[in-house]
$ cat model.cif   # mmCIF, C-alpha atoms; chains and numbers go by the auth columns
data_query
loop_
_atom_site.group_PDB
_atom_site.id
_atom_site.type_symbol
_atom_site.label_atom_id
_atom_site.label_comp_id
_atom_site.label_asym_id
_atom_site.label_seq_id
_atom_site.Cartn_x
_atom_site.Cartn_y
_atom_site.Cartn_z
_atom_site.B_iso_or_equiv
_atom_site.auth_seq_id
_atom_site.auth_asym_id
ATOM 1 C CA MET A 1 -5.812 -45.806 43.294 0.00 1376 H
ATOM 2 C CA LYS A 2 -2.575 -46.283 41.324 0.00 1377 H
ATOM 3 C CA ASN A 3 -4.532 -45.968 38.076 0.00 1378 H
ATOM 4 C CA ASN A 4 -6.033 -42.652 39.218 0.00 1379 H
ATOM 5 C CA ILE A 5 -2.605 -41.247 40.146 0.00 1380 H
ATOM 6 C CA SER A 6 -1.162 -42.338 36.787 0.00 1381 H
ATOM 7 C CA THR A 7 -4.038 -40.691 34.924 0.00 1382 H
ATOM 8 C CA LEU A 8 -3.586 -37.459 36.896 0.00 1383 H
ATOM 9 C CA LEU A 9 0.158 -37.314 36.140 0.00 1384 H
ATOM 10 C CA PHE A 10 -0.519 -37.940 32.452 0.00 1385 H
ATOM 11 C CA LEU A 11 -3.004 -35.057 32.277 0.00 1386 H
ATOM 12 C CA LEU A 12 -0.591 -32.706 34.037 0.00 1387 H
ATOM 13 C CA LEU A 13 2.139 -33.546 31.530 0.00 1388 H
ATOM 14 C CA ILE A 14 -0.189 -32.839 28.578 0.00 1389 H
ATOM 15 C CA LEU A 15 -1.324 -29.501 30.005 0.00 1390 H
ATOM 16 C CA GLY A 16 2.263 -28.472 30.654 0.00 1391 H
ATOM 17 C CA SER A 17 3.370 -29.246 27.107 0.00 1392 H
ATOM 18 C CA CYS A 18 0.385 -27.411 25.585 0.00 1393 H
ATOM 19 C CA SER A 19 1.086 -24.234 27.549 0.00 1394 H
ATOM 20 C CA LYS A 20 4.703 -24.203 26.325 0.00 1395 H
ATOM 21 C CA GLU A 21 3.724 -24.759 22.699 0.00 1396 H
ATOM 22 C CA ASN A 22 1.143 -21.972 22.726 0.00 1397 H
ATOM 23 C CA GLU A 23 3.286 -19.467 24.602 0.00 1398 H
ATOM 24 C CA PRO A 24 4.904 -16.909 22.231 0.00 1399 H
ATOM 25 C CA ASN A 25 8.683 -16.746 22.175 0.00 1400 H
ATOM 26 C CA ASP A 26 10.613 -13.817 23.648 0.00 1401 H
ATOM 27 C CA ASN A 27 11.060 -12.180 20.228 0.00 1402 H
ATOM 28 C CA SER A 28 7.346 -12.019 19.465 0.00 1403 H
ATOM 29 C CA LYS A 29 6.661 -10.592 22.933 0.00 1404 H
ATOM 30 C CA GLN A 30 9.275 -7.895 22.321 0.00 1405 H
ATOM 31 C CA VAL A 31 7.785 -6.971 18.946 0.00 1406 H
ATOM 32 C CA ALA A 32 4.313 -6.716 20.451 0.00 1407 H
ATOM 33 C CA ALA A 33 5.587 -4.567 23.313 0.00 1408 H
ATOM 34 C CA ASN A 34 7.581 -2.196 21.099 0.00 1409 H
ATOM 35 C CA ASN A 35 5.337 -1.852 18.059 0.00 1410 H
ATOM 36 C CA GLY A 36 1.808 -2.817 18.983 0.00 1411 H
ATOM 37 C CA CYS A 37 0.024 -4.501 16.106 0.00 1412 H
ATOM 38 C CA ILE A 38 1.639 -3.256 12.892 0.00 1413 H
ATOM 39 C CA GLU A 39 3.142 -5.094 9.938 0.00 1414 H
ATOM 40 C CA LYS A 40 5.495 -3.930 7.209 0.00 1415 H
ATOM 41 C CA ILE A 41 4.203 -5.022 3.810 0.00 1416 H
ATOM 42 C CA THR A 42 5.871 -5.134 0.399 0.00 1417 H
ATOM 43 C CA ILE A 43 3.945 -4.929 -2.877 0.00 1418 H
ATOM 44 C CA PRO A 44 6.170 -5.892 -5.829 0.00 1419 H
ATOM 45 C CA VAL A 45 5.994 -4.045 -9.132 0.00 1420 H
ATOM 46 C CA SER A 46 4.645 -7.236 -10.735 0.00 1421 H
ATOM 47 C CA SER A 47 1.628 -7.358 -8.415 0.00 1422 H
ATOM 48 C CA GLN A 48 -1.720 -7.760 -10.149 0.00 1423 H
ATOM 49 C CA GLY A 49 -3.509 -6.197 -7.170 0.00 1424 H
ATOM 50 C CA THR A 50 -7.270 -6.060 -7.561 0.00 1425 H
ATOM 51 C CA LEU A 51 -7.188 -6.338 -11.362 0.00 1426 H
ATOM 52 C CA THR A 52 -8.986 -9.357 -12.767 0.00 1427 H
ATOM 53 C CA ASN A 53 -6.950 -11.852 -14.772 0.00 1428 H
ATOM 54 C CA ALA A 54 -8.763 -10.740 -17.932 0.00 1429 H
ATOM 55 C CA ASP A 55 -8.021 -7.040 -17.362 0.00 1430 H
ATOM 56 C CA TYR A 56 -4.417 -7.669 -16.335 0.00 1431 H
ATOM 57 C CA ASN A 57 -3.683 -9.795 -19.411 0.00 1432 H
ATOM 58 C CA LEU A 58 -5.420 -7.239 -21.644 0.00 1433 H
ATOM 59 C CA ILE A 59 -3.235 -4.450 -20.201 0.00 1434 H
ATOM 60 C CA LEU A 60 -0.067 -6.473 -20.783 0.00 1435 H
ATOM 61 C CA SER A 61 -1.164 -7.133 -24.361 0.00 1436 H
ATOM 62 C CA LEU A 62 -1.936 -3.443 -25.000 0.00 1437 H
ATOM 63 C CA PHE A 63 1.419 -2.229 -23.719 0.00 1438 H
ATOM 64 C CA ASN A 64 3.398 -4.958 -25.478 0.00 1439 H
ATOM 65 C CA SER A 65 1.664 -4.482 -28.829 0.00 1440 H
ATOM 66 C CA ASN A 66 2.359 -0.739 -28.650 0.00 1441 H
ATOM 67 C CA GLY A 67 6.017 -1.226 -27.771 0.00 1442 H
ATOM 68 C CA ILE A 68 5.665 0.238 -24.267 0.00 1443 H
ATOM 69 C CA ASN A 69 7.793 -1.891 -21.987 0.00 1444 H
ATOM 70 C CA ASN A 70 8.671 -0.290 -18.678 0.00 1445 H
ATOM 71 C CA PRO A 71 9.722 -2.621 -15.822 0.00 1446 H
ATOM 72 C CA ASN A 72 8.903 0.122 -13.312 0.00 1447 H
ATOM 73 C CA PHE A 73 5.159 0.229 -14.077 0.00 1448 H
ATOM 74 C CA ARG A 74 2.643 -1.397 -11.737 0.00 1449 H
ATOM 75 C CA TYR A 75 -0.828 -1.387 -13.268 0.00 1450 H
ATOM 76 C CA THR A 76 -3.496 -0.539 -10.685 0.00 1451 H
ATOM 77 C CA ARG A 77 -6.798 0.277 -12.414 0.00 1452 H
ATOM 78 C CA THR A 78 -8.364 0.305 -15.853 0.00 1453 H
ATOM 79 C CA TYR A 79 -11.506 1.853 -17.311 0.00 1454 H
ATOM 80 C CA HIS A 80 -13.151 1.135 -20.635 0.00 1455 H
ATOM 81 C CA ASP A 81 -15.634 3.150 -22.662 0.00 1456 H
ATOM 82 C CA SER A 82 -17.104 3.086 -26.162 0.00 1457 H
ATOM 83 C CA VAL A 83 -17.737 6.483 -27.738 0.00 1458 H
ATOM 84 C CA GLN A 84 -19.922 7.206 -30.755 0.00 1459 H
ATOM 85 C CA THR A 85 -18.438 9.890 -33.018 0.00 1460 H
ATOM 86 C CA TYR A 86 -19.191 11.157 -36.494 0.00 1461 H
ATOM 87 C CA ASN A 87 -16.948 8.474 -38.005 0.00 1462 H
ATOM 88 C CA GLY A 88 -18.081 5.486 -35.973 0.00 1463 H
ATOM 89 C CA ILE A 89 -17.759 3.886 -32.573 0.00 1464 H
ATOM 90 C CA HIS A 90 -14.359 4.083 -30.917 0.00 1465 H
ATOM 91 C CA ASP A 91 -13.069 1.951 -28.073 0.00 1466 H
ATOM 92 C CA PHE A 92 -11.195 3.843 -25.336 0.00 1467 H
ATOM 93 C CA ARG A 93 -9.286 2.311 -22.456 0.00 1468 H
ATOM 94 C CA ASN A 94 -7.408 4.064 -19.667 0.00 1469 H
ATOM 95 C CA VAL A 95 -4.762 2.367 -17.534 0.00 1470 H
ATOM 96 C CA PHE A 96 -3.575 3.870 -14.254 0.00 1471 H
ATOM 97 C CA ILE A 97 -0.046 3.237 -13.052 0.00 1472 H
ATOM 98 C CA ILE A 98 2.105 3.461 -9.932 0.00 1473 H
ATOM 99 C CA GLN A 99 5.770 3.890 -10.848 0.00 1474 H
ATOM 100 C CA TYR A 100 8.694 2.257 -9.049 0.00 1475 H
ATOM 101 C CA ALA A 101 12.291 3.290 -8.404 0.00 1476 H
ATOM 102 C CA ASN A 102 14.992 1.109 -6.873 0.00 1477 H
ATOM 103 C CA GLY A 103 12.382 -1.601 -6.411 0.00 1478 H
ATOM 104 C CA LEU A 104 10.165 0.638 -4.251 0.00 1479 H
ATOM 105 C CA PRO A 105 6.862 2.297 -5.163 0.00 1480 H
ATOM 106 C CA ILE A 106 6.538 6.013 -5.750 0.00 1481 H
ATOM 107 C CA PHE A 107 3.320 6.357 -3.814 0.00 1482 H
ATOM 108 C CA ARG A 108 0.034 7.157 -5.488 0.00 1483 H
ATOM 109 C CA GLU A 109 -0.909 6.755 -9.114 0.00 1484 H
ATOM 110 C CA SER A 110 1.136 9.147 -11.228 0.00 1485 H
ATOM 111 C CA LEU A 111 0.403 8.017 -14.797 0.00 1486 H
ATOM 112 C CA ASN A 112 -2.709 7.437 -16.880 0.00 1487 H
ATOM 113 C CA TYR A 113 -2.185 5.812 -20.282 0.00 1488 H
ATOM 114 C CA SER A 114 -4.969 6.126 -22.852 0.00 1489 H
ATOM 115 C CA PHE A 115 -5.539 3.742 -25.776 0.00 1490 H
ATOM 116 C CA LYS A 116 -7.944 4.269 -28.676 0.00 1491 H
ATOM 117 C CA ASN A 117 -9.037 1.176 -30.570 0.00 1492 H
ATOM 118 C CA GLY A 118 -6.077 -0.700 -29.111 0.00 1493 H
ATOM 119 C CA ILE A 119 -3.549 1.944 -30.231 0.00 1494 H
ATOM 120 C CA PHE A 120 -1.646 4.153 -27.784 0.00 1495 H
ATOM 121 C CA ASN A 121 -3.257 7.593 -27.803 0.00 1496 H
ATOM 122 C CA SER A 122 -1.681 9.662 -25.009 0.00 1497 H
ATOM 123 C CA TYR A 123 -0.664 9.691 -21.387 0.00 1498 H
ATOM 124 C CA SER A 124 -1.052 12.154 -18.549 0.00 1499 H
ATOM 125 C CA GLY A 125 1.321 12.575 -15.642 0.00 1500 H
ATOM 126 C CA SER A 126 5.098 12.549 -15.531 0.00 1501 H
ATOM 127 C CA LEU A 127 7.605 9.762 -15.979 0.00 1502 H
ATOM 128 C CA THR A 128 9.948 9.469 -13.023 0.00 1503 H
ATOM 129 C CA ASN A 129 13.665 10.144 -13.328 0.00 1504 H
ATOM 130 C CA GLY A 130 14.373 7.767 -10.469 0.00 1505 H
ATOM 131 C CA THR A 131 16.361 8.674 -7.382 0.00 1506 H
ATOM 132 C CA ASN A 132 19.705 8.177 -5.680 0.00 1507 H
ATOM 133 C CA LEU A 133 18.002 7.867 -2.294 0.00 1508 H
ATOM 134 C CA ASN A 134 18.691 4.544 -0.612 0.00 1509 H
ATOM 135 C CA THR A 135 16.126 1.916 0.305 0.00 1510 H
ATOM 136 C CA ILE A 136 16.887 1.734 4.038 0.00 1511 H
ATOM 137 C CA PRO A 137 14.141 3.063 6.362 0.00 1512 H
ATOM 138 C CA ILE A 138 14.830 5.177 9.437 0.00 1513 H
ATOM 139 C CA LEU A 139 11.501 5.199 11.302 0.00 1514 H
ATOM 140 C CA THR A 140 10.534 2.111 13.290 0.00 1515 H
ATOM 141 C CA LEU A 141 7.146 0.426 13.056 0.00 1516 H
ATOM 142 C CA GLY A 142 6.400 1.484 16.624 0.00 1517 H
ATOM 143 C CA GLN A 143 7.077 5.139 15.794 0.00 1518 H
ATOM 144 C CA LEU A 144 4.866 4.932 12.720 0.00 1519 H
ATOM 145 C CA ARG A 145 2.001 3.380 14.656 0.00 1520 H
ATOM 146 C CA LYS A 146 2.093 6.197 17.199 0.00 1521 H
ATOM 147 C CA LEU A 147 2.202 8.867 14.471 0.00 1522 H
ATOM 148 C CA PHE A 148 -0.812 7.308 12.767 0.00 1523 H
ATOM 149 C CA ILE A 149 -2.924 6.951 15.916 0.00 1524 H
ATOM 150 C CA ASP A 150 -2.061 10.519 16.939 0.00 1525 H
ATOM 151 C CA ASP A 151 -3.258 11.776 13.540 0.00 1526 H
ATOM 152 C CA ILE A 152 -6.436 9.693 13.738 0.00 1527 H
ATOM 153 C CA GLU A 153 -7.143 11.476 17.003 0.00 1528 H
ATOM 154 C CA SER A 154 -6.214 14.919 15.633 0.00 1529 H
ATOM 155 C CA PHE A 155 -8.342 14.651 12.498 0.00 1530 H
ATOM 156 C CA ASP A 156 -11.186 12.330 13.507 0.00 1531 H
ATOM 157 C CA HIS A 157 -11.048 12.033 17.327 0.00 1532 H
ATOM 158 C CA LYS A 158 -11.138 8.248 17.039 0.00 1533 H
ATOM 159 C CA SER A 159 -7.883 7.114 18.623 0.00 1534 H
ATOM 160 C CA ASN A 160 -9.773 5.000 21.171 0.00 1535 H
ATOM 161 C CA GLN A 161 -11.511 3.189 18.318 0.00 1536 H
ATOM 162 C CA TYR A 162 -8.168 2.304 16.694 0.00 1537 H
ATOM 163 C CA LYS A 163 -5.830 1.947 19.684 0.00 1538 H
ATOM 164 C CA ASP A 164 -6.061 -1.872 19.600 0.00 1539 H
ATOM 165 C CA SER A 165 -6.278 -2.161 15.793 0.00 1540 H
ATOM 166 C CA CYS A 166 -3.674 -3.691 13.508 0.00 1541 H
ATOM 167 C CA PHE A 167 -2.059 -1.551 10.805 0.00 1542 H
ATOM 168 C CA LYS A 168 -0.114 -2.046 7.572 0.00 1543 H
ATOM 169 C CA ALA A 169 2.965 0.034 6.708 0.00 1544 H
ATOM 170 C CA GLU A 170 4.473 0.139 3.210 0.00 1545 H
ATOM 171 C CA PHE A 171 7.839 1.757 2.537 0.00 1546 H
ATOM 172 C CA GLY A 172 8.634 3.684 -0.638 0.00 1547 H
ATOM 173 C CA TYR A 173 9.052 7.186 -2.055 0.00 1548 H
ATOM 174 C CA PHE A 174 6.752 10.211 -2.316 0.00 1549 H
ATOM 175 C CA ASN A 175 6.967 13.085 -4.778 0.00 1550 H
ATOM 176 C CA LEU A 176 6.407 16.198 -2.660 0.00 1551 H
ATOM 177 C CA ASN A 177 5.695 18.271 -5.786 0.00 1552 H
ATOM 178 C CA ALA A 178 2.864 16.016 -6.972 0.00 1553 H
ATOM 179 C CA GLY A 179 -0.374 17.974 -7.342 0.00 1554 H
ATOM 180 C CA THR A 180 1.262 21.340 -6.628 0.00 1555 H
ATOM 181 C CA GLY A 181 1.623 22.536 -10.212 0.00 1556 H
ATOM 182 C CA ASN A 182 5.396 22.170 -9.968 0.00 1557 H
ATOM 183 C CA THR A 183 6.311 19.586 -12.608 0.00 1558 H
ATOM 184 C CA SER A 184 9.794 18.915 -11.232 0.00 1559 H
ATOM 185 C CA GLU A 185 10.222 15.758 -9.170 0.00 1560 H
ATOM 186 C CA ASN A 186 11.093 15.967 -5.467 0.00 1561 H
ATOM 187 C CA LEU A 187 11.248 12.452 -4.081 0.00 1562 H
ATOM 188 C CA VAL A 188 11.663 11.637 -0.396 0.00 1563 H
ATOM 189 C CA LYS A 189 11.610 8.306 1.404 0.00 1564 H
ATOM 190 C CA ALA A 190 8.153 7.773 2.850 0.00 1565 H
ATOM 191 C CA TRP A 191 5.660 5.394 4.460 0.00 1566 H
ATOM 192 C CA HIS A 192 2.025 4.643 3.693 0.00 1567 H
ATOM 193 C CA LEU A 193 -0.161 3.486 6.600 0.00 1568 H
ATOM 194 C CA THR A 194 -3.656 2.025 6.652 0.00 1569 H
ATOM 195 C CA PRO A 195 -5.701 -0.244 8.927 0.00 1570 H
ATOM 196 C CA ASN A 196 -5.018 -3.905 8.248 0.00 1571 H
ATOM 197 C CA PHE A 197 -8.158 -4.753 6.265 0.00 1572 H
ATOM 198 C CA TYR A 198 -9.339 -1.317 5.147 0.00 1573 H
ATOM 199 C CA SER A 199 -8.159 1.435 2.801 0.00 1574 H
ATOM 200 C CA TYR A 200 -9.066 4.312 5.141 0.00 1575 H
ATOM 201 C CA PRO A 201 -8.051 6.198 7.101 0.00 1576 H
ATOM 202 C CA GLU A 202 -4.686 6.449 5.375 0.00 1577 H
ATOM 203 C CA ALA A 203 -1.603 8.575 5.905 0.00 1578 H
ATOM 204 C CA TYR A 204 1.805 9.177 4.346 0.00 1579 H
ATOM 205 C CA TYR A 205 4.852 10.159 6.415 0.00 1580 H
ATOM 206 C CA ARG A 206 8.356 11.318 5.580 0.00 1581 H
ATOM 207 C CA ASP A 207 10.841 8.688 6.698 0.00 1582 H
ATOM 208 C CA ASP A 208 13.582 11.185 7.562 0.00 1583 H
ATOM 209 C CA THR A 209 11.547 13.488 9.818 0.00 1584 H
ATOM 210 C CA GLY A 210 8.280 11.674 10.607 0.00 1585 H
ATOM 211 C CA GLU A 211 6.421 14.678 9.182 0.00 1586 H
ATOM 212 C CA ARG A 212 2.946 13.942 7.886 0.00 1587 H
ATOM 213 C CA ILE A 213 2.662 14.416 4.122 0.00 1588 H
ATOM 214 C CA TYR A 214 -0.998 13.563 3.698 0.00 1589 H
ATOM 215 C CA TYR A 215 -3.945 12.229 5.723 0.00 1590 H
ATOM 216 C CA PHE A 216 -7.360 11.173 4.421 0.00 1591 H
ATOM 217 C CA ASN A 217 -10.185 9.481 6.296 0.00 1592 H
ATOM 218 C CA GLY A 218 -12.083 8.419 3.190 0.00 1593 H
ATOM 219 C CA ILE A 219 -14.884 10.946 3.641 0.00 1594 H
ATOM 220 C CA ILE A 220 -15.572 13.344 0.762 0.00 1595 H
ATOM 221 C CA TYR A 221 -17.675 16.370 1.681 0.00 1596 H
#
$ encode --input "model.cif" --output "structure tokens"
Amino acid sequence: MKNNISTLLFLLLILGSCSKENEPNDNSKQVAANNGCIEKITIPVSSQGTLTNADYNLILSLFNSNGINNPNFRYTRTYHDSVQTYNGIHDFRNVFIIQYANGLPIFRESLNYSFKNGIFNSYSGSLTNGTNLNTIPILTLGQLRKLFIDDIESFDHKSNQYKDSCFKAEFGYFNLNAGTGNTSENLVKAWHLTPNFYSYPEAYYRDDTGERIYYFNGIIY
């Protein structure tokens, strides 16, 4: 009988300790209550992203050999093509770039550098002049999550599908004149939101007002 009582007490002690270890602390409960499931992410300018090691090293070599050294370039994509012309076959490579200012990304690819036979040929897009805007966000993660789910409902009527989903939020800048034909730069502090493991739907929001800049569900008609 004594052995049975001792065994029972031992099991109760183990169960009690396990429940305390697995119980989240007060801070994590508060975050979950205020924000839902959303995480702020940071992608440094040195990030290789989805580029293969071979492509990334080739890009670095191309830019270095052509004397193009800009610490605010993050290389995102590259395409290669061989073209037959009247004077032989020429090797063309394009490199797409997201620019940075004050250590933050200026959202969306804004530059495309072209190389012909390993020699710099041209670039399209505009080089940033940087900004005096600070790097301190105003909107909270909870506010951003609500804005995003509201837009998912407005555009796609799928808020119920995403209401329990986790999201990623990246802070940076957005050029409001991009794609408008106005070549001057008009940077504002902004956020980029996506589902945790997917690229779409995506949205960009002004940090100062919460106004939506852009929404895309990934569907091209």
$ resolve_selection --input "model.cif" --expression "the PyMOL selection byres ((chain H and resi 1489) around 10)" --output "list in words"
Thr1453, Tyr1454, His1455, Phe1467, Arg1468, Asn1469, Val1470, Phe1471, Leu1486, Asn1487, Tyr1488, Phe1490, Lys1491, Gly1493, Ile1494, Phe1495, Asn1496, Ser1497, Tyr1498 and Ser1499 of chain H
$ axis_aligned_box --input "model.cif" --around "region 1485-1498 of chain H" --padding-each-side "5 Å" --output "lines of an AutoDock Vina configuration file"
center_x = -4.0
center_y = 4.5
center_z = -20.9
size_x = 20.2
size_y = 20.4
size_z = 29.3
$ closest_residue --input "model.cif" --among "H:Ser1436, H:Thr1515, H:Asn1561, H:Asn1462" --to "Ala1544 (chain H)" --atoms "all atoms listed in the file"
H:Thr1515
$ resolve_selection --input "model.cif" --expression "the PyMOL selection byres ((chain H and resi 1419) around 9)" --output "list in words"
Thr1417, Ile1418, Val1420, Ser1421, Ser1422, Arg1449, Gly1478, Leu1479 and Pro1480 of chain H
$ atom_distance --input "model.cif" --atom1 "CA of Asp1531 (chain H)" --atom2 "CA of Arg1587 (chain H)"
15.3 Å
$ atom_distance --input "model.cif" --atom1 "CA of Lys1543 (chain H)" --atom2 "CA of Leu1516 (chain H)"
9.4 Å
$ atom_distance --input "model.cif" --atom1 "CA of Asp1525 (chain H)" --atom2 "CA of Ile1513 (chain H)"
19.2 Å
$ closest_residue --input "model.cif" --among "H:Arg1520, H:His1465, H:Arg1452, H:Lys1533" --to "Asn1571 (chain H)" --atoms "only C-alpha atoms"
H:Arg1520
$ resolve_selection --input "model.cif" --expression "the PyMOL selection byres ((chain H and resi 1579) around 12)" --output "VMD selection string"
chain H and resid 1481 to 1483 1519 to 1520 1522 to 1523 1526 1543 to 1551 1563 to 1569 1575 to 1578 1580 to 1582 1584 to 1591
$ write_last_selection --input "model.cif" --atoms "C-alpha atoms" --output "PDB file, keeping the file's coordinate frame"
ATOM      1  CA  ILE H1481       6.538   6.013  -5.750  1.00  0.00           C
ATOM      2  CA  PHE H1482       3.320   6.357  -3.814  1.00  0.00           C
ATOM      3  CA  ARG H1483       0.034   7.157  -5.488  1.00  0.00           C
ATOM      4  CA  LEU H1519       4.866   4.932  12.720  1.00  0.00           C
ATOM      5  CA  ARG H1520       2.001   3.380  14.656  1.00  0.00           C
ATOM      6  CA  LEU H1522       2.202   8.867  14.471  1.00  0.00           C
ATOM      7  CA  PHE H1523      -0.812   7.308  12.767  1.00  0.00           C
ATOM      8  CA  ASP H1526      -3.258  11.776  13.540  1.00  0.00           C
ATOM      9  CA  LYS H1543      -0.114  -2.046   7.572  1.00  0.00           C
ATOM     10  CA  ALA H1544       2.965   0.034   6.708  1.00  0.00           C
ATOM     11  CA  GLU H1545       4.473   0.139   3.210  1.00  0.00           C
ATOM     12  CA  PHE H1546       7.839   1.757   2.537  1.00  0.00           C
ATOM     13  CA  GLY H1547       8.634   3.684  -0.638  1.00  0.00           C
ATOM     14  CA  TYR H1548       9.052   7.186  -2.055  1.00  0.00           C
ATOM     15  CA  PHE H1549       6.752  10.211  -2.316  1.00  0.00           C
ATOM     16  CA  ASN H1550       6.967  13.085  -4.778  1.00  0.00           C
ATOM     17  CA  LEU H1551       6.407  16.198  -2.660  1.00  0.00           C
ATOM     18  CA  VAL H1563      11.663  11.637  -0.396  1.00  0.00           C
ATOM     19  CA  LYS H1564      11.610   8.306   1.404  1.00  0.00           C
ATOM     20  CA  ALA H1565       8.153   7.773   2.850  1.00  0.00           C
ATOM     21  CA  TRP H1566       5.660   5.394   4.460  1.00  0.00           C
ATOM     22  CA  HIS H1567       2.025   4.643   3.693  1.00  0.00           C
ATOM     23  CA  LEU H1568      -0.161   3.486   6.600  1.00  0.00           C
ATOM     24  CA  THR H1569      -3.656   2.025   6.652  1.00  0.00           C
ATOM     25  CA  TYR H1575      -9.066   4.312   5.141  1.00  0.00           C
ATOM     26  CA  PRO H1576      -8.051   6.198   7.101  1.00  0.00           C
ATOM     27  CA  GLU H1577      -4.686   6.449   5.375  1.00  0.00           C
ATOM     28  CA  ALA H1578      -1.603   8.575   5.905  1.00  0.00           C
ATOM     29  CA  TYR H1580       4.852  10.159   6.415  1.00  0.00           C
ATOM     30  CA  ARG H1581       8.356  11.318   5.580  1.00  0.00           C
ATOM     31  CA  ASP H1582      10.841   8.688   6.698  1.00  0.00           C
ATOM     32  CA  THR H1584      11.547  13.488   9.818  1.00  0.00           C
ATOM     33  CA  GLY H1585       8.280  11.674  10.607  1.00  0.00           C
ATOM     34  CA  GLU H1586       6.421  14.678   9.182  1.00  0.00           C
ATOM     35  CA  ARG H1587       2.946  13.942   7.886  1.00  0.00           C
ATOM     36  CA  ILE H1588       2.662  14.416   4.122  1.00  0.00           C
ATOM     37  CA  TYR H1589      -0.998  13.563   3.698  1.00  0.00           C
ATOM     38  CA  TYR H1590      -3.945  12.229   5.723  1.00  0.00           C
ATOM     39  CA  PHE H1591      -7.360  11.173   4.421  1.00  0.00           C
TER      40      PHE H1591
END
$ closest_residue --input "model.cif" --among "H:Asn1428, H:Ile1595, H:Cys1412, H:Thr1451" --to "Pro1570 (chain H)" --atoms "all atoms listed in the file"
H:Cys1412
$ closest_residue --input "model.cif" --among "H:Cys1541, H:Tyr1450, H:Gln1459, H:Asn1444" --to "Asp1430 (chain H)" --atoms "only C-alpha atoms"
H:Tyr1450
$ closest_residue --input "model.cif" --among "H:Thr1425, H:Gln1474, H:Thr1460, H:Gln1518" --to "Asn1447 (chain H)" --atoms "only C-alpha atoms"
H:Gln1474
$ closest_residue --input "model.cif" --among "H:Gly1442, H:Gly1500, H:Gly1424, H:Gly1505" --to "Ala1476 (chain H)" --atoms "all atoms listed in the file"
H:Gly1505
$ decode --input "model.cif" --residues "region 1422-1426 of chain H" --atoms "all heavy atoms" --output "compact mmCIF listing (two decimals), in the first residue's frame"
# COMPACT_ATOMS: atom_id res chain seq x y z
N SER H 1422 21.59 39.35 -48.03
CA SER H 1422 20.89 38.08 -48.18
C SER H 1422 21.01 37.54 -49.60
O SER H 1422 20.85 38.27 -50.58
CB SER H 1422 19.41 38.25 -47.82
OG SER H 1422 18.68 37.09 -48.13
N GLN H 1423 21.26 36.25 -49.69
CA GLN H 1423 21.36 35.57 -50.98
C GLN H 1423 19.97 35.19 -51.49
O GLN H 1423 19.78 34.94 -52.68
CB GLN H 1423 22.24 34.32 -50.84
CG GLN H 1423 22.49 33.56 -52.12
CD GLN H 1423 23.48 32.43 -51.91
OE1 GLN H 1423 24.45 32.56 -51.16
NE2 GLN H 1423 23.25 31.30 -52.56
N GLY H 1424 19.00 35.13 -50.59
CA GLY H 1424 17.62 34.80 -50.98
C GLY H 1424 17.53 33.44 -51.64
O GLY H 1424 18.08 32.46 -51.17
N THR H 1425 16.83 33.39 -52.76
CA THR H 1425 16.63 32.13 -53.47
C THR H 1425 17.69 31.88 -54.55
O THR H 1425 17.61 30.89 -55.27
CB THR H 1425 15.23 32.11 -54.13
OG1 THR H 1425 15.12 33.21 -55.04
CG2 THR H 1425 14.13 32.20 -53.09
N LEU H 1426 18.66 32.78 -54.66
CA LEU H 1426 19.72 32.57 -55.65
C LEU H 1426 20.58 31.37 -55.27
O LEU H 1426 20.90 31.18 -54.09
CB LEU H 1426 20.61 33.82 -55.73
CG LEU H 1426 20.00 35.07 -56.37
CD1 LEU H 1426 20.90 36.28 -56.11
CD2 LEU H 1426 19.81 34.86 -57.87
